[in-house]
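K.L.:
Pasting a structure below so you can have a look.
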Amino acid sequence: MAESAAPGILRGDSPGLRLARRSLALIALCAVLLPFADLAVVAHDPWAELGRMAAGLALPHWRELSSPLHAIGLTVSVALWGTLLGVLLGFPLALVFFRSRLVRAGCAFVRAIHELFWALLFLQVFGLSAVTALAALAVPYAGIFAKVYAEILEQTPAAAADSLPPGVGRLSRFVYAELPLVWERLAAYTRYRFECSLRASVLLGFVGLPTLGFHLESAFREGHYHEAGALLWLFYLLIGSIGLWAHRRLLPLLALGCLFLLGPWPDVDAGLLWRFVSHDLWPAPLLNGDPAGLVAWLGAIPDLGPAIGNTLLLGLMGTVGALVIALLLWPLASRHFGNRASRLGGSALLIGLRSTPELMLAFIFLLLLGPSMLPAWLALALHNGALIAFLAARHADGVEPGMPDLTASGRYAYELLPRIYPGLLALLFYRAEVIIRETALLGMLGVATLGFHIDSSFQYLMFDQAFFLLLVTAGLNIVVDAVARRYRPREVVMDDPCSR
Amino acid sequence: MRRLFATALMLLGLAPAAQAQETFRFTAIPDEDQSRLVERFQKVADYLSDTLDVEVEYVPVKSYSAAVSAFRNDQVQLAWFGGLSGVQARRLVPGSRALAQGVEDAAFHSYFIANTDTGIDPHQERMPDAFAGKSFTFGAKTSTSGRLMPEYYLRERFDEAPEALFSRVGFSGDHTRTIALVESGTYDVGAVNYTVWDAAVADGRVDTDKVKVIWETPAYPDYQWTIRGDADARFGDGFTDRVRQALLDMEAPELLESFPRQGFIPVDNDAYAPIEAVGEDLGLLR
């Protein structure tokens, strides 16, 4: 029968069909593996606690905040200077990115470790200080900037440079004939990264740097929801109003002003640094040359198989979940659908979902659904889905509809989605790497991912074990990134660099 | 170039030693209510500063492990540690000493609490067999009252790891959160610091129709002040004893309520030998 039938609905070789097949394959893979995930729902009585949370968000207690202005200032300062330092480090690396395997590998490695884990590492040496905060952002961002800038520079149109007379120096050619052509895209990506770094700067508060997250985490963890609500609103407003205060012309002033807020600057103790790098990070048996001890050391490492399995499974589920959420939510914030009020509401919803730290989303779902992988899955899917939806909506807003008489669903299915889907999927594949990194974070919630064990090792002060697990995580991330790149839609030239 | 580098390293290395003589730094994480830490502990810093006649600064930290790291790295010289984190710190900084503990800490307890839907009777003589197959949450991973001692007594009673006994084991990260999660039924059973539980019940923050105390652990030593061994050398002979006296003399309620403790009594390192033994047993210390 199969031979005589007309081509099935998914047969054929057009780019669109290829994308559809890949998306469905991803969803099918997730569905097949789902039975292995731990998804029990425990029935119980979450409403009292959820009611207290809702009341906290509805009636924030602004007065109870201690020095919120300082916390906001520090959050912005860390984000701004973390990004700037990331650019300073990342740009030169971008210039040699495709020429040096070493640079590429190094960048992949620093990217693969979550900002929070970098912070935990630097914390051991620099204490709770601005250096820890800035380094925790600047180091991984340098790796990200190097890669993304390099990809943007690679797509520089050659016409301008080709028309220069022979003998023009390499530097002049770069500055006058190449850089101006891609400047806008470099700047756009940097702006987007700044928003990411604001979110990360808040997260750094979770390990003790006094940004907004410091107070937010304490208040939320201890059930002071009115205070947590006030802090969360402040954060939403900060993210929602970036366009107003982070203006291009204001940035130099802002950067200078922020320098005064950063601090305290630690007394960097070279001895501490050396002890940490040469001693703390390595297994003692290895340093003492004791092979039997090393075997025992490896035996004491928590079971890696299930941890890696959980991490990958949660990453896959998060990626597929984010795809579904993004497909559902992007029209909410797009100019092609609804009215002014609904778009405002939609944009606010997307800001809320993508700015609420995943740990909090996960805790809410933990109360609702009980302990399992499910709360972590939902938190990852909603957070990343909302982020992709926001970028997809912006992409769609740039599309001029050519069939004005279509109904809204027709516009969605036949006009807009086909045009933005390749970009959306490319975005998702970029995001897969980030999602894997974030599963590590939700490990702190009790799902036994690699991140759960890394967090434990840091708490038990077994830095050698933490470092080893970080290396495993980084390796895993690099592999996932390579696989995602292999299957990423190649047909699309990503015209919006803000999509990573 | 090399000389420049060496000079820079030397300057960096010398800077902290020169500065530390001016300011005596301490840190403290109370077992509940970590809001407005700086504001509250500034009063303690002012008290210590007046009594000891040195500049005293409070350094806020977020977790036990951060407190231990700060102590080890000499970023603080005095710290209010939990039982286990104090042991961790004293093992990492040879010569450091436990000075004083809270009145409550000489005989501290953990409560095992359970959601009433589990049908487990409250206030039992020994841990009930009904624990088997229930879901269970500890507090923070390195909390003495929320993790270490509860795990010790669980293993002693049932002779197996909590992961084998319970259907699921979580780490809520905080005592307040443990109470909320057991009250809502998210976890059936939890282990919690008794002072946090008592305070929550007194304030009406817990619905005691939904969650009850099932069992109370025997007494063990918990929170204590620990000072670095080099304090005398840096702040003058007898400085350690003066710090201890200042802590023991701390009587103003507005200072003590930050910890929250009724007062402080003397203690030494040996009092924490049981905690150290349990920590080693459970693989949390090495």
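As shown in the structure tokens, the chain order sets the letters A, B, ...; within each chain, residues go from 1, and ligands are also counted from 1 in the order they appear.
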Which residues of chain B are close to chain A, meaning at most 8 Å apart when you count only C-alpha atoms, and how do they look as a PyMOL selection string?

P.N.:
chain B and resi 9+12-13+15-16+32-36+60-66+69-70+73+75+141-142+169-174+176-177+180-181+184-187+284-285

K.L.:
Selected residues, C-alpha atoms, written as a CSV table (one decimal), in the first residue's frame, please.

P.N.:
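Output saved as selection-v1.csv:
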```
chain,number,residue,atom,x,y,z
B,9,LEU,CA,51.7,39.9,44.0
B,12,LEU,CA,48.2,42.0,47.0
B,13,GLY,CA,49.4,39.5,49.6
B,15,ALA,CA,47.2,44.3,51.8
B,16,PRO,CA,44.8,42.1,53.8
B,32,GLU,CA,15.1,31.8,61.2
B,33,ASP,CA,14.1,35.2,59.8
B,34,GLN,CA,17.0,36.3,57.7
B,35,SER,CA,15.4,39.6,56.7
B,36,ARG,CA,17.2,42.9,57.4
B,60,PRO,CA,26.2,39.2,55.8
B,61,VAL,CA,26.2,35.7,54.2
B,62,LYS,CA,23.5,33.6,52.7
B,63,SER,CA,24.5,30.0,53.5
B,64,TYR,CA,26.4,27.9,56.0
B,65,SER,CA,29.0,27.1,53.3
B,66,ALA,CA,29.6,30.7,52.5
B,69,SER,CA,34.5,29.8,53.4
B,70,ALA,CA,34.6,33.4,54.7
B,73,ASN,CA,39.7,32.7,54.1
B,75,GLN,CA,37.3,37.4,55.6
B,141,LYS,CA,21.8,20.0,53.1
B,142,THR,CA,24.3,21.0,55.8
B,169,VAL,CA,13.7,12.4,49.9
B,170,GLY,CA,13.9,16.1,49.3
B,171,PHE,CA,15.9,19.1,50.7
B,172,SER,CA,13.6,22.0,51.2
B,173,GLY,CA,16.5,24.3,52.0
B,174,ASP,CA,15.0,26.0,55.0
B,176,THR,CA,10.2,27.5,57.4
B,177,ARG,CA,9.8,25.9,54.0
B,180,ALA,CA,5.1,24.8,54.6
B,181,LEU,CA,5.7,21.7,52.5
B,184,SER,CA,0.5,21.4,52.3
B,185,GLY,CA,1.0,17.7,52.1
B,186,THR,CA,3.7,18.1,49.4
B,187,TYR,CA,5.8,15.9,51.6
B,284,LEU,CA,29.5,15.0,55.1
B,285,LEU,CA,32.9,15.6,56.6
```

K.L.:
What lies within 9 Å of segment 134-146 of chain A using only C-alpha atoms, ignoring chain neighbours under 2 positions off, as a count of residues only?

P.N.:
53

K.L.:
Using DSSP secondary structure from the backbone, list all alpha helix (DSSP H) positions within segment 18-257 of chain B, as a PyMOL selection string.

P.N.:
chain B and resi 18-20+37-52+64-72+83-92+149-158+162-165+175-183+194-202+231-235+239-248+253-256

K.L.:
Give the answer as one residue: which of A:Ser342, A:Ser14, A:Ser77, A:Thr407 has the shortest atom-to-atom distance to Gly257 of chain A, using only C-alpha atoms?

P.N.:
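Ranking A:Ser342, A:Ser14, A:Ser77, A:Thr407 by distance to Gly257 of chain A, first place goes to A:Ser77.
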
K.L.:
Nearest residue to Leu254 of chain A out of A:Leu26, A:Leu286, A:Leu80, A:Leu378, using only C-alpha atoms?

P.N.:
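Nearest to Leu254 of chain A: A:Leu80.
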
K.L.:
What separation in Å, quoted to one decimal, exists between atom CA of Arg242 of chain B and atom CA of Asp270 of chain B?

P.N.:
20.7 Å

K.L.:
Quick check, in Å to one decimal: how far apart do atom CA of Arg244 of chain B and atom CA of Glu22 of chain B lie?

P.N.:
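Computing the Euclidean distance for atom CA of Arg244 of chain B and atom CA of Glu22 of chain B yields 19.5 Å.
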
K.L.:
Between atom CA of Leu294 of chain A and atom CA of Asp281 of chain B, what distance in Å does the model show, to one decimal?

P.N.:
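Atom CA of Asp281 of chain B lies at a distance of 20.1 Å from atom CA of Leu294 of chain A.
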
K.L.:
I want to know what sits within 7 Å of Pro266 of chain B, based on only C-alpha atoms, with residues of the same chain fewer than 6 positions away left out; could you give that as a PyMOL selection string?

P.N.:
chain B and resi 99-101

K.L.:
Would you save the residues from that selection as a PDB file, in the first residue's frame, using N, CA and C atoms?

P.N.:
```pdb
ATOM      1  N   LEU B  99      33.677  29.253  71.303  1.00  0.00           N
ATOM      2  CA  LEU B  99      33.738  30.108  72.498  1.00  0.00           C
ATOM      3  C   LEU B  99      32.490  29.993  73.364  1.00  0.00           C
ATOM      4  N   ALA B 100      31.340  30.108  72.706  1.00  0.00           N
ATOM      5  CA  ALA B 100      30.097  30.180  73.469  1.00  0.00           C
ATOM      6  C   ALA B 100      28.969  29.642  72.621  1.00  0.00           C
ATOM      7  N   GLN B 101      27.977  29.048  73.288  1.00  0.00           N
ATOM      8  CA  GLN B 101      26.797  28.594  72.559  1.00  0.00           C
ATOM      9  C   GLN B 101      25.569  29.233  73.182  1.00  0.00           C
TER      10      GLN B 101
END
```

K.L.:
Which one of A:Ala379, A:Leu471, A:Met317, A:Ala396 sits closest to Pro422 of chain A if you count only C-alpha atoms?

P.N.:
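That would be A:Ala396, the residue with the smallest distance to Pro422 of chain A.
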
K.L.:
Might you pull out every residue within 12 Å of Leu428 of chain A, with only C-alpha atoms counted and same-chain residues fewer than 2 positions away left off, and present them as a short mmCIF file (atom, residue, chain, number, x, y, z; two decimals) with C-alpha atoms, in the first residue's frame?

P.N.:
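Okay, around_35.cif is ready:
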```cif
data_model
loop_
_atom_site.label_atom_id
_atom_site.label_comp_id
_atom_site.auth_asym_id
_atom_site.auth_seq_id
_atom_site.Cartn_x
_atom_site.Cartn_y
_atom_site.Cartn_z
CA SER A 23 10.09 19.12 15.21
CA LEU A 26 11.88 15.79 18.72
CA GLY A 315 16.79 19.05 29.23
CA LEU A 316 14.94 17.30 26.39
CA GLY A 318 12.30 21.31 28.84
CA THR A 319 13.21 21.96 25.22
CA VAL A 320 10.08 20.33 23.82
CA GLY A 321 7.94 22.01 26.48
CA ALA A 322 9.46 25.37 25.59
CA LEU A 323 8.59 24.77 21.92
CA VAL A 324 4.94 24.09 22.75
CA ILE A 325 4.72 27.07 25.12
CA ALA A 326 6.36 29.38 22.59
CA LEU A 327 3.95 28.30 19.84
CA ALA A 381 9.25 25.09 29.73
CA ASN A 384 12.26 29.43 28.16
CA GLY A 385 9.05 29.19 26.17
CA ALA A 386 8.12 32.73 27.19
CA LEU A 387 11.56 33.98 26.23
CA ILE A 388 11.36 32.39 22.78
CA ALA A 389 7.77 33.62 22.38
CA LEU A 391 11.63 37.02 20.44
CA ALA A 392 9.31 35.27 17.96
CA TYR A 421 8.95 29.02 12.31
CA PRO A 422 12.48 28.38 10.99
CA GLY A 423 13.77 31.23 13.14
CA LEU A 424 11.78 30.02 16.12
CA LEU A 425 13.16 26.52 15.79
CA ALA A 426 16.72 27.77 15.36
CA TYR A 430 20.27 27.49 20.61
CA ARG A 431 18.24 27.53 23.75
CA ALA A 432 18.61 23.77 24.30
CA GLU A 433 22.13 24.41 25.53
CA VAL A 434 20.85 26.99 28.00
CA ILE A 435 18.07 24.68 29.16
CA ASP A 481 25.49 21.96 21.84
CA ALA A 484 21.82 20.83 18.54
CA ARG A 485 24.00 22.65 16.02
CA TYR A 487 20.15 19.58 13.63
CA ARG A 488 19.55 23.31 13.77
CA PRO A 489 17.80 24.64 10.67
CA SER A 499 17.96 35.05 18.98
CA ARG A 500 20.51 33.16 20.96
#
```

K.L.:
What's around Phe81 of chain B at 7 Å? Count only C-alpha atoms, leave out sequence neighbours fewer than 4 positions away in its own chain, and write the answer as a ChimeraX atom specification.

P.N.:
/B:28,85-86,223-225
